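Next up, model03.pdb (PDB, C-alpha atoms):
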```pdb
ATOM      1  CA  MET A 871     -37.610  -4.663  15.006
ATOM      2  CA  ALA A 872     -37.130  -2.483  18.041
ATOM      3  CA  THR A 873     -34.328  -2.132  20.523
ATOM      4  CA  ILE A 874     -34.133  -1.616  24.253
ATOM      5  CA  GLU A 875     -31.206  -0.125  26.092
ATOM      6  CA  VAL A 876     -29.931  -1.526  29.380
ATOM      7  CA  SER A 877     -26.778  -0.171  31.068
ATOM      8  CA  GLY A 878     -25.576   1.425  27.863
ATOM      9  CA  LYS A 879     -25.949  -1.719  25.776
ATOM     10  CA  SER A 880     -28.720  -2.151  23.224
ATOM     11  CA  TYR A 881     -30.690  -5.334  22.647
ATOM     12  CA  GLU A 882     -32.956  -6.219  19.756
ATOM     13  CA  THR A 883     -36.579  -7.040  20.503
ATOM     14  CA  ASP A 884     -39.534  -7.912  18.308
ATOM     15  CA  GLU A 885     -42.513  -5.598  17.936
ATOM     16  CA  GLU A 886     -44.099  -6.997  21.106
ATOM     17  CA  GLY A 887     -40.960  -6.464  23.174
ATOM     18  CA  TYR A 888     -39.702 -10.057  23.269
ATOM     19  CA  LEU A 889     -35.922 -10.359  23.207
ATOM     20  CA  VAL A 890     -34.734 -11.565  19.790
ATOM     21  CA  ASN A 891     -31.516 -13.220  20.889
ATOM     22  CA  LEU A 892     -32.056 -15.490  23.866
ATOM     23  CA  ALA A 893     -28.320 -15.772  24.502
ATOM     24  CA  GLU A 894     -28.025 -12.039  25.193
ATOM     25  CA  TRP A 895     -30.243 -12.272  28.276
ATOM     26  CA  ASN A 896     -28.923 -11.520  31.735
ATOM     27  CA  GLU A 897     -30.618 -10.618  35.025
ATOM     28  CA  GLU A 898     -30.285  -6.924  34.325
ATOM     29  CA  VAL A 899     -32.098  -7.308  31.018
ATOM     30  CA  GLY A 900     -34.698  -9.432  32.820
ATOM     31  CA  SER A 901     -35.204  -6.704  35.418
ATOM     32  CA  TYR A 902     -35.605  -4.117  32.696
ATOM     33  CA  LEU A 903     -38.157  -6.248  30.806
ATOM     34  CA  ALA A 904     -40.032  -6.669  34.110
ATOM     35  CA  THR A 905     -40.388  -2.894  34.457
ATOM     36  CA  THR A 906     -41.900  -2.722  30.959
ATOM     37  CA  GLU A 907     -44.501  -5.232  32.202
ATOM     38  CA  ASN A 908     -45.013  -3.393  35.512
ATOM     39  CA  VAL A 909     -43.900  -6.443  37.440
ATOM     40  CA  GLU A 910     -42.003  -5.896  40.653
ATOM     41  CA  MET A 911     -39.509  -8.742  40.797
ATOM     42  CA  THR A 912     -39.128 -10.785  44.004
ATOM     43  CA  ASP A 913     -37.314 -14.063  44.766
ATOM     44  CA  GLN A 914     -40.544 -15.882  43.904
ATOM     45  CA  HIS A 915     -40.588 -14.210  40.480
ATOM     46  CA  TRP A 916     -36.955 -15.065  39.807
ATOM     47  CA  GLU A 917     -37.580 -18.661  40.792
ATOM     48  CA  VAL A 918     -40.158 -18.941  38.011
ATOM     49  CA  ILE A 919     -37.955 -17.066  35.532
ATOM     50  CA  ASN A 920     -35.013 -19.363  36.221
ATOM     51  CA  PHE A 921     -37.271 -22.380  35.959
ATOM     52  CA  LEU A 922     -38.492 -21.190  32.543
ATOM     53  CA  ARG A 923     -34.967 -20.647  31.291
ATOM     54  CA  ASP A 924     -33.932 -24.128  32.416
ATOM     55  CA  TYR A 925     -37.026 -25.584  30.761
ATOM     56  CA  TYR A 926     -36.240 -23.786  27.517
ATOM     57  CA  ASN A 927     -32.613 -24.912  27.556
ATOM     58  CA  GLU A 928     -33.696 -28.500  27.977
ATOM     59  CA  PHE A 929     -36.632 -28.652  25.538
ATOM     60  CA  GLN A 930     -36.149 -25.656  23.198
ATOM     61  CA  ILE A 931     -39.709 -24.405  23.710
ATOM     62  CA  ALA A 932     -41.527 -22.193  26.173
ATOM     63  CA  PRO A 933     -44.099 -24.383  27.942
ATOM     64  CA  ALA A 934     -47.870 -23.886  27.767
ATOM     65  CA  VAL A 935     -49.344 -22.554  31.044
ATOM     66  CA  ARG A 936     -50.860 -25.908  31.981
ATOM     67  CA  VAL A 937     -47.519 -27.637  31.455
ATOM     68  CA  LEU A 938     -45.625 -24.904  33.298
ATOM     69  CA  THR A 939     -47.986 -25.120  36.274
ATOM     70  CA  LYS A 940     -47.611 -28.872  36.551
ATOM     71  CA  ALA A 941     -43.824 -28.780  36.132
ATOM     72  CA  ILE A 942     -43.413 -25.982  38.702
ATOM     73  CA  GLY A 943     -45.507 -27.979  41.170
ATOM     74  CA  LYS A 944     -43.218 -30.939  40.703
ATOM     75  CA  LYS A 945     -40.009 -28.939  41.018
ATOM     76  CA  LEU A 946     -40.806 -26.170  43.528
ATOM     77  CA  GLY A 947     -43.587 -27.739  45.574
ATOM     78  CA  PRO A 948     -47.331 -28.273  45.102
ATOM     79  CA  GLU A 949     -48.292 -24.937  46.734
ATOM     80  CA  LYS A 950     -46.527 -23.189  43.837
ATOM     81  CA  GLY A 951     -47.916 -25.464  41.153
ATOM     82  CA  THR A 952     -51.227 -23.655  40.831
ATOM     83  CA  SER A 953     -52.337 -21.140  38.249
ATOM     84  CA  GLN A 954     -53.458 -18.866  41.124
ATOM     85  CA  TYR A 955     -49.877 -18.654  42.409
ATOM     86  CA  LEU A 956     -48.459 -17.979  38.962
ATOM     87  CA  TYR A 957     -51.111 -15.407  38.017
ATOM     88  CA  ASP A 958     -50.491 -13.599  41.317
ATOM     89  CA  LEU A 959     -46.860 -13.226  40.289
ATOM     90  CA  PHE A 960     -47.547 -12.479  36.617
ATOM     91  CA  PRO A 961     -51.066 -11.005  36.348
ATOM     92  CA  TYR A 962     -51.117 -10.799  32.550
ATOM     93  CA  GLY A 963     -50.395 -14.473  32.132
ATOM     94  CA  PRO A 964     -47.455 -16.449  33.449
ATOM     95  CA  ALA A 965     -46.557 -17.877  30.068
ATOM     96  CA  LYS A 966     -46.714 -14.619  28.178
ATOM     97  CA  GLN A 967     -45.341 -12.237  30.792
ATOM     98  CA  ALA A 968     -42.810 -14.520  32.472
ATOM     99  CA  CYS A 969     -41.492 -15.713  29.126
ATOM    100  CA  LYS A 970     -40.901 -12.152  28.062
ATOM    101  CA  ILE A 971     -38.985 -11.336  31.242
ATOM    102  CA  ALA A 972     -37.009 -14.582  30.887
ATOM    103  CA  GLY A 973     -35.957 -13.559  27.388
ATOM    104  CA  LEU A 974     -37.781 -16.477  25.754
ATOM    105  CA  PRO A 975     -39.973 -16.428  22.657
ATOM    106  CA  LYS A 976     -43.731 -16.407  23.117
ATOM    107  CA  PRO A 977     -45.039 -19.919  23.856
ATOM    108  CA  THR A 978     -46.308 -21.894  20.869
ATOM    109  CA  GLY A 979     -50.042 -21.484  20.505
ATOM    110  CA  CYS A 980     -50.145 -18.353  22.635
ATOM    111  CA  VAL A 981     -51.798 -15.489  20.749
TER     112      VAL A 981
ATOM    113  CA  MET B 646     -19.729 -33.214 -14.139
ATOM    114  CA  LEU B 647     -20.805 -32.656 -10.544
ATOM    115  CA  HIS B 648     -24.226 -34.056  -9.667
ATOM    116  CA  ILE B 649     -25.911 -32.593  -6.609
ATOM    117  CA  VAL B 650     -28.733 -34.565  -5.002
ATOM    118  CA  ASN B 651     -30.788 -33.168  -2.122
ATOM    119  CA  LYS B 652     -33.720 -35.566  -1.618
ATOM    120  CA  SER B 653     -33.896 -38.691   0.511
ATOM    121  CA  SER B 654     -33.539 -41.726  -1.740
ATOM    122  CA  LEU B 655     -36.190 -43.531   0.305
ATOM    123  CA  GLU B 656     -38.731 -40.827  -0.481
ATOM    124  CA  ARG B 657     -37.908 -39.645  -4.023
ATOM    125  CA  ASN B 658     -36.314 -41.195  -7.059
ATOM    126  CA  THR B 659     -33.809 -38.399  -7.794
ATOM    127  CA  LEU B 660     -30.769 -40.416  -6.701
ATOM    128  CA  ASP B 661     -31.948 -43.355  -8.834
ATOM    129  CA  SER B 662     -32.452 -41.069 -11.849
ATOM    130  CA  CYS B 663     -29.033 -39.569 -11.351
ATOM    131  CA  LEU B 664     -27.359 -42.980 -11.081
ATOM    132  CA  ARG B 665     -29.236 -44.248 -14.152
ATOM    133  CA  VAL B 666     -28.420 -41.305 -16.402
ATOM    134  CA  ALA B 667     -25.106 -39.874 -15.278
ATOM    135  CA  ASN B 668     -21.951 -41.090 -16.963
ATOM    136  CA  GLY B 669     -19.558 -40.622 -14.105
ATOM    137  CA  GLY B 670     -17.875 -37.722 -12.415
ATOM    138  CA  ALA B 671     -18.811 -36.747  -8.891
ATOM    139  CA  ILE B 672     -21.964 -36.897  -6.803
ATOM    140  CA  LEU B 673     -22.476 -34.609  -3.829
ATOM    141  CA  LEU B 674     -25.249 -35.573  -1.409
ATOM    142  CA  ILE B 675     -26.732 -32.682   0.561
ATOM    143  CA  GLU B 676     -29.786 -32.025   2.797
ATOM    144  CA  ASP B 677     -32.038 -35.103   3.086
ATOM    145  CA  ALA B 678     -29.947 -36.973   0.499
ATOM    146  CA  VAL B 679     -27.151 -37.453   3.051
ATOM    147  CA  TYR B 680     -29.054 -40.354   4.646
ATOM    148  CA  ALA B 681     -28.327 -42.470   1.541
ATOM    149  CA  ALA B 682     -24.618 -42.490   2.414
ATOM    150  CA  THR B 683     -25.092 -43.816   5.948
ATOM    151  CA  ARG B 684     -24.445 -47.384   7.047
ATOM    152  CA  GLY B 685     -27.501 -49.601   7.176
ATOM    153  CA  ASN B 686     -29.630 -47.415   4.911
ATOM    154  CA  GLU B 687     -31.313 -49.363   2.113
ATOM    155  CA  ALA B 688     -29.433 -47.240  -0.434
ATOM    156  CA  GLU B 689     -26.050 -48.392   0.875
ATOM    157  CA  GLY B 690     -25.729 -51.209  -1.700
ATOM    158  CA  LYS B 691     -26.519 -49.085  -4.726
ATOM    159  CA  LEU B 692     -24.168 -46.345  -3.553
ATOM    160  CA  ARG B 693     -21.407 -48.897  -3.047
ATOM    161  CA  ASP B 694     -21.890 -50.036  -6.648
ATOM    162  CA  ALA B 695     -21.894 -46.403  -7.772
ATOM    163  CA  LEU B 696     -18.502 -45.828  -6.151
ATOM    164  CA  ALA B 697     -17.000 -47.746  -9.092
ATOM    165  CA  ARG B 698     -18.186 -45.009 -11.444
ATOM    166  CA  PHE B 699     -18.367 -41.872  -9.319
ATOM    167  CA  LYS B 700     -16.556 -40.067  -6.583
ATOM    168  CA  ILE B 701     -19.167 -39.599  -3.898
ATOM    169  CA  TYR B 702     -19.201 -36.763  -1.366
ATOM    170  CA  VAL B 703     -21.558 -35.896   1.444
ATOM    171  CA  LEU B 704     -22.044 -32.523   3.125
ATOM    172  CA  GLY B 705     -20.884 -32.658   6.764
ATOM    173  CA  PRO B 706     -23.114 -29.960   8.304
ATOM    174  CA  ASP B 707     -26.197 -31.708   6.887
ATOM    175  CA  LEU B 708     -25.052 -35.040   8.346
ATOM    176  CA  ASP B 709     -24.422 -33.488  11.762
ATOM    177  CA  ALA B 710     -27.794 -31.729  11.784
ATOM    178  CA  ARG B 711     -29.436 -35.124  11.322
ATOM    179  CA  GLY B 712     -27.328 -36.887  13.943
ATOM    180  CA  MET B 713     -25.716 -39.097  11.283
ATOM    181  CA  GLY B 714     -22.144 -37.738  11.273
ATOM    182  CA  ASP B 715     -20.722 -40.891  12.845
ATOM    183  CA  ARG B 716     -22.148 -43.389  10.378
ATOM    184  CA  VAL B 717     -20.979 -42.429   6.896
ATOM    185  CA  MET B 718     -20.317 -45.513   4.782
ATOM    186  CA  GLU B 719     -16.791 -46.367   3.691
ATOM    187  CA  GLY B 720     -15.625 -44.837   0.416
ATOM    188  CA  VAL B 721     -17.730 -41.693   0.718
ATOM    189  CA  SER B 722     -15.924 -38.448   1.637
ATOM    190  CA  THR B 723     -17.381 -35.826   3.942
ATOM    191  CA  VAL B 724     -16.899 -32.186   2.878
ATOM    192  CA  ASP B 725     -17.728 -28.873   4.550
ATOM    193  CA  TYR B 726     -19.149 -25.768   2.819
ATOM    194  CA  GLY B 727     -15.663 -24.798   1.598
ATOM    195  CA  GLY B 728     -15.335 -28.270   0.069
ATOM    196  CA  PHE B 729     -18.742 -27.810  -1.599
ATOM    197  CA  VAL B 730     -17.464 -24.629  -3.256
ATOM    198  CA  ASP B 731     -14.229 -26.359  -4.308
ATOM    199  CA  LEU B 732     -16.203 -29.198  -5.922
ATOM    200  CA  VAL B 733     -18.303 -26.749  -7.920
ATOM    201  CA  ALA B 734     -15.165 -24.874  -8.998
ATOM    202  CA  GLU B 735     -13.294 -28.059  -9.949
ATOM    203  CA  HIS B 736     -15.976 -29.355 -12.299
ATOM    204  CA  LYS B 737     -16.725 -27.778 -15.638
ATOM    205  CA  ASN B 738     -20.477 -28.028 -15.068
ATOM    206  CA  CYS B 739     -22.945 -29.211 -12.501
ATOM    207  CA  GLN B 740     -26.489 -30.437 -12.255
ATOM    208  CA  SER B 741     -28.807 -30.105  -9.275
ATOM    209  CA  TRP B 742     -31.285 -32.976  -9.352
ATOM    210  CA  LEU B 743     -34.451 -31.523  -7.886
TER     211      LEU B 743
ATOM    212  CA  MET C 213     -65.532 -28.850  21.217
ATOM    213  CA  SER C 214     -68.645 -30.218  22.882
ATOM    214  CA  GLU C 215     -68.379 -31.568  26.391
ATOM    215  CA  GLY C 216     -67.096 -35.092  26.792
ATOM    216  CA  ALA C 217     -66.451 -35.523  23.105
ATOM    217  CA  ILE C 218     -62.899 -36.779  23.222
ATOM    218  CA  LYS C 219     -61.720 -37.749  19.797
ATOM    219  CA  LYS C 220     -58.845 -39.914  18.768
ATOM    220  CA  PHE C 221     -56.308 -37.858  16.842
ATOM    221  CA  MET C 222     -53.364 -39.349  15.004
ATOM    222  CA  PHE C 223     -50.467 -37.345  13.598
ATOM    223  CA  VAL C 224     -48.611 -39.248  10.886
ATOM    224  CA  ASN C 225     -45.025 -38.055  10.417
ATOM    225  CA  ARG C 226     -43.343 -39.300   7.251
ATOM    226  CA  LYS C 227     -40.669 -36.699   6.460
ATOM    227  CA  ALA C 228     -37.077 -36.301   7.592
ATOM    228  CA  PRO C 229     -36.350 -33.166   9.658
ATOM    229  CA  TYR C 230     -34.751 -29.984   8.209
ATOM    230  CA  GLY C 231     -34.988 -30.884   4.484
ATOM    231  CA  THR C 232     -38.610 -29.743   4.558
ATOM    232  CA  ILE C 233     -40.685 -27.837   7.106
ATOM    233  CA  TYR C 234     -43.189 -30.676   7.698
ATOM    234  CA  ALA C 235     -41.559 -32.180  10.800
ATOM    235  CA  LEU C 236     -41.408 -28.869  12.653
ATOM    236  CA  GLU C 237     -44.919 -27.854  11.555
ATOM    237  CA  SER C 238     -46.311 -31.153  12.775
ATOM    238  CA  LEU C 239     -44.610 -30.755  16.141
ATOM    239  CA  GLU C 240     -46.063 -27.271  16.572
ATOM    240  CA  VAL C 241     -49.568 -28.424  15.695
ATOM    241  CA  VAL C 242     -49.196 -31.322  18.137
ATOM    242  CA  LEU C 243     -48.208 -28.940  20.945
ATOM    243  CA  ILE C 244     -51.196 -26.709  20.221
ATOM    244  CA  THR C 245     -53.562 -29.682  19.997
ATOM    245  CA  ALA C 246     -52.392 -30.788  23.447
ATOM    246  CA  ALA C 247     -54.346 -27.854  24.916
ATOM    247  CA  PHE C 248     -57.640 -29.444  23.804
ATOM    248  CA  ASP C 249     -57.304 -32.593  25.921
ATOM    249  CA  GLN C 250     -57.896 -35.010  23.098
ATOM    250  CA  ASP C 251     -56.572 -38.544  22.746
ATOM    251  CA  VAL C 252     -53.425 -37.922  20.685
ATOM    252  CA  SER C 253     -51.163 -40.496  19.047
ATOM    253  CA  LEU C 254     -48.039 -39.731  17.051
ATOM    254  CA  VAL C 255     -46.793 -42.081  14.389
ATOM    255  CA  PHE C 256     -43.318 -41.917  12.887
ATOM    256  CA  MET C 257     -43.026 -43.891   9.683
ATOM    257  CA  ASP C 258     -40.902 -43.877   6.501
ATOM    258  CA  ASP C 259     -38.306 -41.055   6.735
ATOM    259  CA  GLY C 260     -40.259 -39.634   9.684
ATOM    260  CA  VAL C 261     -38.339 -41.968  12.002
ATOM    261  CA  PHE C 262     -35.296 -39.729  11.406
ATOM    262  CA  GLN C 263     -37.037 -36.965  13.375
ATOM    263  CA  LEU C 264     -36.330 -38.916  16.558
ATOM    264  CA  LYS C 265     -32.652 -39.693  15.849
ATOM    265  CA  LYS C 266     -30.359 -38.918  18.771
ATOM    266  CA  GLY C 267     -27.407 -36.548  18.446
ATOM    267  CA  GLN C 268     -28.782 -33.889  16.056
ATOM    268  CA  GLN C 269     -26.422 -30.876  15.886
ATOM    269  CA  THR C 270     -27.775 -28.114  13.687
ATOM    270  CA  LYS C 271     -25.251 -25.345  14.272
ATOM    271  CA  GLY C 272     -23.616 -25.918  10.884
ATOM    272  CA  ILE C 273     -26.865 -25.475   8.945
ATOM    273  CA  GLU C 274     -28.069 -22.555  11.067
ATOM    274  CA  ASN C 275     -31.423 -24.162  11.752
ATOM    275  CA  LYS C 276     -33.071 -24.536  15.111
ATOM    276  CA  ASN C 277     -32.512 -28.008  16.545
ATOM    277  CA  PHE C 278     -36.048 -28.926  17.546
ATOM    278  CA  SER C 279     -35.298 -32.538  18.427
ATOM    279  CA  PRO C 280     -35.118 -31.837  22.220
ATOM    280  CA  THR C 281     -38.765 -30.759  22.048
ATOM    281  CA  TYR C 282     -39.891 -34.358  21.473
ATOM    282  CA  ARG C 283     -38.719 -34.982  25.039
ATOM    283  CA  ALA C 284     -41.165 -32.330  26.276
ATOM    284  CA  LEU C 285     -44.191 -34.190  24.862
ATOM    285  CA  ASP C 286     -44.475 -36.320  27.986
ATOM    286  CA  GLY C 287     -45.091 -33.143  30.024
ATOM    287  CA  TYR C 288     -47.882 -32.262  27.596
ATOM    288  CA  ASP C 289     -49.477 -35.672  28.363
ATOM    289  CA  ILE C 290     -48.676 -36.921  24.876
ATOM    290  CA  GLU C 291     -47.412 -40.373  25.613
ATOM    291  CA  LYS C 292     -48.493 -42.451  22.629
ATOM    292  CA  LEU C 293     -45.554 -42.478  20.245
ATOM    293  CA  TYR C 294     -45.452 -45.245  17.661
ATOM    294  CA  VAL C 295     -42.585 -46.011  15.305
ATOM    295  CA  GLU C 296     -42.677 -48.223  12.226
ATOM    296  CA  ALA C 297     -40.367 -51.202  12.672
ATOM    297  CA  GLU C 298     -39.742 -51.696   8.961
ATOM    298  CA  ALA C 299     -38.797 -48.021   8.520
ATOM    299  CA  LEU C 300     -36.166 -48.280  11.270
ATOM    300  CA  ALA C 301     -34.697 -51.423   9.711
ATOM    301  CA  ALA C 302     -34.501 -49.886   6.220
ATOM    302  CA  ARG C 303     -32.502 -46.983   7.661
ATOM    303  CA  GLY C 304     -30.033 -48.923   9.787
ATOM    304  CA  LEU C 305     -31.638 -47.628  12.987
ATOM    305  CA  THR C 306     -32.748 -49.359  16.162
ATOM    306  CA  GLU C 307     -34.872 -48.225  19.097
ATOM    307  CA  ASP C 308     -31.632 -47.299  20.920
ATOM    308  CA  ASP C 309     -30.937 -44.616  18.307
ATOM    309  CA  LEU C 310     -34.105 -42.730  19.271
ATOM    310  CA  LEU C 311     -34.219 -39.873  21.776
ATOM    311  CA  VAL C 312     -37.572 -40.716  23.383
ATOM    312  CA  ASP C 313     -39.347 -43.855  24.563
ATOM    313  CA  VAL C 314     -41.559 -45.211  21.811
ATOM    314  CA  THR C 315     -43.585 -48.273  20.931
ATOM    315  CA  VAL C 316     -42.175 -49.972  17.853
ATOM    316  CA  MET C 317     -44.879 -51.529  15.667
ATOM    317  CA  SER C 318     -45.113 -53.345  12.375
ATOM    318  CA  ARG C 319     -46.750 -51.692   9.372
ATOM    319  CA  ALA C 320     -49.714 -54.020   9.750
ATOM    320  CA  GLU C 321     -50.218 -53.017  13.384
ATOM    321  CA  LEU C 322     -49.940 -49.310  12.495
ATOM    322  CA  GLY C 323     -52.532 -49.762   9.768
ATOM    323  CA  ALA C 324     -54.931 -51.339  12.241
ATOM    324  CA  LEU C 325     -54.342 -48.530  14.743
ATOM    325  CA  MET C 326     -54.980 -45.939  12.024
ATOM    326  CA  ASP C 327     -58.381 -47.502  11.357
ATOM    327  CA  GLU C 328     -59.424 -46.808  14.964
ATOM    328  CA  MET C 329     -58.874 -43.042  14.677
ATOM    329  CA  ASP C 330     -61.462 -40.285  14.370
ATOM    330  CA  VAL C 331     -59.050 -37.790  12.800
ATOM    331  CA  VAL C 332     -55.766 -38.484  11.015
ATOM    332  CA  LEU C 333     -53.449 -35.611  10.119
ATOM    333  CA  SER C 334     -50.598 -36.337   7.762
ATOM    334  CA  PHE C 335     -47.301 -34.469   7.639
TER     335      PHE C 335
END
```

So that I can check it, write out the structure of this file as structure tokens.
Amino acid sequence: MATIEVSGKSYETDEEGYLVNLAEWNEEVGSYLATTENVEMTDQHWEVINFLRDYYNEFQIAPAVRVLTKAIGKKLGPEKGTSQYLYDLFPYGPAKQACKIAGLPKPTGCV
Amino acid sequence: MLHIVNKSSLERNTLDSCLRVANGGAILLIEDAVYAATRGNEAEGKLRDALARFKIYVLGPDLDARGMGDRVMEGVSTVDYGGFVDLVAEHKNCQSWL
Amino acid sequence: MSEGAIKKFMFVNRKAPYGTIYALESLEVVLITAAFDQDVSLVFMDDGVFQLKKGQQTKGIENKNFSPTYRALDGYDIEKLYVEAEALAARGLTEDDLLVDVTVMSRAELGALMDEMDVVLSF
């Protein structure tokens, strides 16, 4: 176990930096996690993060990239439902990197 | 004696063994055994017969986890974890049928 | 897997959720398998039909409620869900008690379907 500190409050993370308690997440924590991934957050990034959090709340899993891509295309428009778009936002993998920033566990099957 | 059963009666024969051997007292159904005390389950008839010989309890949190909290059969009492502890304390001995 | 070799996979789920780890393990393997674009069918028989029961609330047992995840299967292109009719009847359940759309089948029909598979994994 490790901890991160954001605005004077500490949060538990696992050894790879994923937040342990999903319920503790807020935008400030998300922004902090983004800096650890060297991701500069924009509205487009937040749109994906919020989508992921909604998806997790509904289905209790983080989606596989293929599923995320398809679902984003359906919800936010086909121009955003491509892996190119998502990899541009999250170069080290939308599922892995975006899930971390969103405070979700690593997607099932993602090594 | 308090008999604790934790396996589904449609998958294992622990509830049957318990009902065959035990001489009365109380039965507490926990974990997958809670299904036996729900309306429409095949075990409903044999549990109804058993109510003549035993007090039968079922653990509420295990029912709720399985989405069965609203269909406990008549005559069976739902208890919470505190009630579980009380049952163990009230009886001079207990047997967990594994 | 070699190109074009799509196999028919069947996951047979026979255990109630939470009492054992089988239901959750099966679900995780199914989600991983979805990445390989195979022809996947899920069967829920015996106590396995309880996995799909609506209204599961696991707070009291401090377990993760994984039942909402069955609703995500559609998004993973896993659309063939079969439920044993006799198992539902023996448990006082009907199709309306289930949290996803399924095809209810008799044991005999399930047996025939099983024969058509290339790989059957049992949980």

Hey, could you make a per-residue contact list for chain B against chain C with 12 Å as the cut-off, showing the nearest pair of atoms and its distance in Å to one decimal, counting all atoms listed in the file, sorted by chain and number, as JSON lines?
```
{"residue": "B:Val650", "atom": "CA", "partner": "C:Gly231", "partner_atom": "CA", "distance": 11.9}
{"residue": "B:Asn651", "atom": "CA", "partner": "C:Gly231", "partner_atom": "CA", "distance": 8.2}
{"residue": "B:Lys652", "atom": "CA", "partner": "C:Gly231", "partner_atom": "CA", "distance": 7.8}
{"residue": "B:Ser653", "atom": "CA", "partner": "C:Asp259", "partner_atom": "CA", "distance": 8.0}
{"residue": "B:Ser654", "atom": "CA", "partner": "C:Asp259", "partner_atom": "CA", "distance": 9.7}
{"residue": "B:Leu655", "atom": "CA", "partner": "C:Asp259", "partner_atom": "CA", "distance": 7.2}
{"residue": "B:Glu656", "atom": "CA", "partner": "C:Asp259", "partner_atom": "CA", "distance": 7.2}
{"residue": "B:Arg657", "atom": "CA", "partner": "C:Asp259", "partner_atom": "CA", "distance": 10.9}
{"residue": "B:Ile675", "atom": "CA", "partner": "C:Gly231", "partner_atom": "CA", "distance": 9.3}
{"residue": "B:Glu676", "atom": "CA", "partner": "C:Gly231", "partner_atom": "CA", "distance": 5.6}
{"residue": "B:Asp677", "atom": "CA", "partner": "C:Gly231", "partner_atom": "CA", "distance": 5.3}
{"residue": "B:Ala678", "atom": "CA", "partner": "C:Gly231", "partner_atom": "CA", "distance": 8.9}
{"residue": "B:Val679", "atom": "CA", "partner": "C:Gly231", "partner_atom": "CA", "distance": 10.3}
{"residue": "B:Tyr680", "atom": "CA", "partner": "C:Arg303", "partner_atom": "CA", "distance": 8.1}
{"residue": "B:Ala681", "atom": "CA", "partner": "C:Arg303", "partner_atom": "CA", "distance": 8.7}
{"residue": "B:Ala682", "atom": "CA", "partner": "C:Arg303", "partner_atom": "CA", "distance": 10.5}
{"residue": "B:Thr683", "atom": "CA", "partner": "C:Gly304", "partner_atom": "CA", "distance": 8.1}
{"residue": "B:Arg684", "atom": "CA", "partner": "C:Gly304", "partner_atom": "CA", "distance": 6.4}
{"residue": "B:Gly685", "atom": "CA", "partner": "C:Gly304", "partner_atom": "CA", "distance": 3.7}
{"residue": "B:Asn686", "atom": "CA", "partner": "C:Arg303", "partner_atom": "CA", "distance": 4.0}
{"residue": "B:Glu687", "atom": "CA", "partner": "C:Ala302", "partner_atom": "CA", "distance": 5.2}
{"residue": "B:Ala688", "atom": "CA", "partner": "C:Arg303", "partner_atom": "CA", "distance": 8.7}
{"residue": "B:Glu689", "atom": "CA", "partner": "C:Arg303", "partner_atom": "CA", "distance": 9.5}
{"residue": "B:Gly690", "atom": "CA", "partner": "C:Ala302", "partner_atom": "CA", "distance": 11.9}
{"residue": "B:Leu704", "atom": "CA", "partner": "C:Gly272", "partner_atom": "CA", "distance": 10.3}
{"residue": "B:Gly705", "atom": "CA", "partner": "C:Gly272", "partner_atom": "CA", "distance": 8.4}
{"residue": "B:Pro706", "atom": "CA", "partner": "C:Gly272", "partner_atom": "CA", "distance": 4.8}
{"residue": "B:Asp707", "atom": "CA", "partner": "C:Ile273", "partner_atom": "CA", "distance": 6.6}
{"residue": "B:Leu708", "atom": "CA", "partner": "C:Gln268", "partner_atom": "CA", "distance": 8.6}
{"residue": "B:Asp709", "atom": "CA", "partner": "C:Gln269", "partner_atom": "CA", "distance": 5.3}
{"residue": "B:Ala710", "atom": "CA", "partner": "C:Thr270", "partner_atom": "CA", "distance": 4.1}
{"residue": "B:Arg711", "atom": "CA", "partner": "C:Gln268", "partner_atom": "CA", "distance": 4.9}
{"residue": "B:Gly712", "atom": "CA", "partner": "C:Gln268", "partner_atom": "CA", "distance": 3.9}
{"residue": "B:Met713", "atom": "CA", "partner": "C:Gln268", "partner_atom": "CA", "distance": 7.7}
{"residue": "B:Gly714", "atom": "CA", "partner": "C:Gly267", "partner_atom": "CA", "distance": 9.0}
{"residue": "B:Asp715", "atom": "CA", "partner": "C:Gly267", "partner_atom": "CA", "distance": 9.7}
{"residue": "B:Arg716", "atom": "CA", "partner": "C:Gly304", "partner_atom": "CA", "distance": 9.7}
{"residue": "B:Val717", "atom": "CA", "partner": "C:Gly304", "partner_atom": "CA", "distance": 11.5}
{"residue": "B:Met718", "atom": "CA", "partner": "C:Gly304", "partner_atom": "CA", "distance": 11.4}
{"residue": "B:Asp725", "atom": "CA", "partner": "C:Gly272", "partner_atom": "CA", "distance": 9.1}
{"residue": "B:Tyr726", "atom": "CA", "partner": "C:Gly272", "partner_atom": "CA", "distance": 9.2}
```

(message) When the PyMOL selection byres ((chain C and resi 252-255) around 6) is applied to the structure above, which residues does it catch, written out as an MDAnalysis selection string?
(response) chainID C and resid 221:225 250:251 256 292:295

(request) Pull out every residue that the PyMOL selection byres ((chain C) within 10 of (chain A)) matches in the shown coordinates and put them as a ChimeraX atom specification. (result) /C:240-241,243-247,276-289

(message) Here's the selection I'm unsure about, the PyMOL selection byres ((chain A and resi 961-970) around 10); applied to the file above, which residues does it give, as an MDAnalysis selection string?
(response) chainID A and resid 886:889 900 903:904 906:909 915:916 918:920 922:923 926 932:939 953:960 971:977 980:981

(message) Report, in Å to a single decimal, how far apart atom CA of Met646 of chain B and atom CA of Asp731 of chain B are.
(response)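 Those two atoms sit 13.2 Å apart.
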